[in-house]
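S.K.: Could you have a look at this structure, given as structure tokens, before my questions?
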Amino acid sequence: MSAAASPSAADALIAAAVAHLRAGELVALPTETVYGLGADAADPQAVGRIYAAKGRPANHPLIVHLAAASHLDQWAASVPPAARALAEAFWPGPLTLILKKQPWVPEAVTGGQVTVGLRVPDHPLALRLLAAFAAAKAPAPAGIAAPSANRFGRVSPTTAAHVREELGDKVALVLDGGPCAVGIESTIVDFSRAEPEILRPGAISAADIARVAGVTPRQRGDGAGRNATPAPRASGTLAAHYAPRTPLRLVDAAAFREEVERLARAGKKIAVLARAAAPGDIPASCHWRVAPGDAAGYARELYANLRALDALGVELIAVEDVPTDAAWRAVADRLGRAATGAGKK
Ligand code: TXA
Ligand code: MG
């Protein structure tokens, strides 16, 4: 369905999506971050289908999407006040909280761990689906387990067309909510230990969290896959992730133009992702793509840009490295992981 579909058509699609979920099937849904591959989080068999479709190892836990923050306690056994304050401040929004799970929450969702990842996505279609699903399952708890709707290790989808390319034959329905507004995955904050820790950076920054939670979270690794400590519990924190098939190299901004010219002169077929327009004298063998100059705009278009460059069949994607300040942290993280994982297939 498109974002512009008539209200009754949208209702019919939501009803169909709820029916598919209740039948244990997979439904792809838009969120503000990336598209998710959804299944009934309370149904271990349905959740198993997510792992099969993605080719994802079964010990990697999934995020459970909820209709509202008021559903938190159905899934989490204990919610520290700082975590609740974050849920109230940022939900619906690009923030995932890792909390001790209620005993009933299936291990299929949590990768066998005693914690569960929870978030309320900020997308009107996702929220309608979640509300309708919750109404259908009431009084039982309702949540949609949904990892990003890409094959394991690959670039996350930010349009319905990307989902169809990745997993079209594996889902009962793809809800089309238009391009994702944030474009990179949610910030993950782990509240299951003594001190909160950011497991994956995203649009909600450490400073945003500190302001609301009253405590500065620790940050796992440091930004990009370049110098991160891989966290085995979170696939989004594996050093090689979010990767195109074409080899991808991050090039220092100061040396960028010189390096691109050197590669092009050496006869390499390359594609470039830069924050400035191509110089007039760039060789025709070099495909130059311009990304937005602000971090939020860059993030919004990042995965679509990587997909477009990956489709060109070049030998190398050269990406102009991004600034090191906090606003760019999540983008730098994804670029670093993309560079580490690229060219593996
Ligand atoms: O923005 C997002 O978070 C998107 C949309 C669809 O909501 N979802 C997403 O899901 O990025 P996925 O599965 O691609 O990444 C979820 C991350 C993984 O790194 C996973 O390991 C981590 O969340 N995670 C989930 N539950 C966890 C838990 N209990 N403990 C530690 N990490 C967890
Ligand atoms: Mg993912």
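Within each chain, counting starts at residue 1; across the structure tokens, chains are named A, B, ... in the order shown, with ligands numbered 1 upward in that order.
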Using only C-alpha atoms and all ligand atoms, which protein or nucleic acid residues are at most 8 Å from ligand 1, as a PyMOL selection string?

M.R.: chain A and resi 29-37+60-65+94-96+98-99+109-111+113-119+121+146-149+156+184-188+190+199-200+232-238

S.K.: Give the helix (DSSP H, G or I) residues of segment 92-172 of chain A, as DSSP finds them on the backbone, and put them as a ChimeraX atom specification.

M.R.: /A:107-110,124-137,160-170

S.K.: Arg211 of chain A: which residues within 12 Å, counting only C-alpha atoms, same-chain residues fewer than 6 positions away excluded, as number ranges by chain?

M.R.: A: 82, 85-86, 89-90, 204-205, 217

S.K.: Give the strand (DSSP E) residues of segment 86-173 of chain A, as assigned by DSSP on the backbone, as a list in words.

M.R.: Leu95, Thr96, Leu97, Ile98, Leu99, Lys100, Lys101, Thr115, Val116, Gly117, Leu118, Arg119, Ile144, Ala145 and Leu173 of chain A

S.K.: Okay, now the selection with C-alpha atoms, as a compact mmCIF listing (two decimals), in the first residue's frame?

M.R.:
```
# COMPACT_ATOMS: atom_id res chain seq x y z
CA LEU A 95 15.11 4.27 20.70
CA THR A 96 15.29 0.63 21.78
CA LEU A 97 15.50 -0.30 25.46
CA ILE A 98 17.08 -3.57 26.56
CA LEU A 99 15.37 -4.69 29.77
CA LYS A 100 14.98 -7.86 31.86
CA LYS A 101 12.24 -9.85 30.17
CA THR A 115 16.64 -9.55 28.36
CA VAL A 116 14.30 -8.24 25.68
CA GLY A 117 14.68 -5.29 23.30
CA LEU A 118 11.58 -3.05 23.16
CA ARG A 119 10.59 -0.01 21.15
CA ILE A 144 5.69 -7.48 16.67
CA ALA A 145 9.22 -8.86 16.59
CA LEU A 173 2.63 -8.67 2.72
```

S.K.: Just checking: using only C-alpha atoms, which residue out of A:Ala28, A:Ala142, A:Leu21, A:Ala58 ends up closest to Trp75 of chain A?

M.R.: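 Among A:Ala28, A:Ala142, A:Leu21, A:Ala58, it is A:Ala142 that comes nearest to Trp75 of chain A.
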
S.K.: List the spatial neighbours of Arg154 of chain A as a PyMOL selection string - criterion: any atom at most 7 Å away, only C-alpha atoms, same-chain residues fewer than 5 positions off excluded.

M.R.: chain A and resi 241-244

S.K.: Pull N, CA and C atoms from the residues just selected and write them as a PDB file, in the first residue's frame.

M.R.:
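The file below, result_29.pdb, is the result:
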```pdb
ATOM      1  N   HIS A 241      28.911  -5.297   8.963  1.00  0.00           N
ATOM      2  CA  HIS A 241      27.456  -5.280   8.909  1.00  0.00           C
ATOM      3  C   HIS A 241      27.026  -4.160   7.982  1.00  0.00           C
ATOM      4  N   TYR A 242      25.765  -4.135   7.610  1.00  0.00           N
ATOM      5  CA  TYR A 242      25.230  -3.054   6.768  1.00  0.00           C
ATOM      6  C   TYR A 242      26.038  -2.911   5.478  1.00  0.00           C
ATOM      7  N   ALA A 243      26.431  -4.041   4.895  1.00  0.00           N
ATOM      8  CA  ALA A 243      27.473  -3.982   3.873  1.00  0.00           C
ATOM      9  C   ALA A 243      26.972  -4.201   2.453  1.00  0.00           C
ATOM     10  N   PRO A 244      27.440  -3.377   1.518  1.00  0.00           N
ATOM     11  CA  PRO A 244      27.204  -3.653   0.104  1.00  0.00           C
ATOM     12  C   PRO A 244      28.089  -4.792  -0.386  1.00  0.00           C
TER      13      PRO A 244
END
```

S.K.: What is the atom CA of Pro201 of chain A-atom CA of Pro57 of chain A distance in Å, reported with one decimal?

M.R.: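 Computing the Euclidean distance for atom CA of Pro201 of chain A and atom CA of Pro57 of chain A yields 22.3 Å.
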
S.K.: Name all residues at most 12 Å from Leu129 of chain A (count only C-alpha atoms; drop same-chain ones fewer than 3 positions away) and give them as a VMD selection string.

M.R.: chain A and resid 10 to 21 27 to 31 38 to 40 65 to 68 120 to 126 132 to 136 142 to 144 175 177

S.K.: Between A:Ala296, A:Val163, A:Ala41, A:Ala206, which is the closest to Asp176 of chain A once you count only C-alpha atoms?

M.R.: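 Closest residue, counting only C-alpha atoms: A:Val163.
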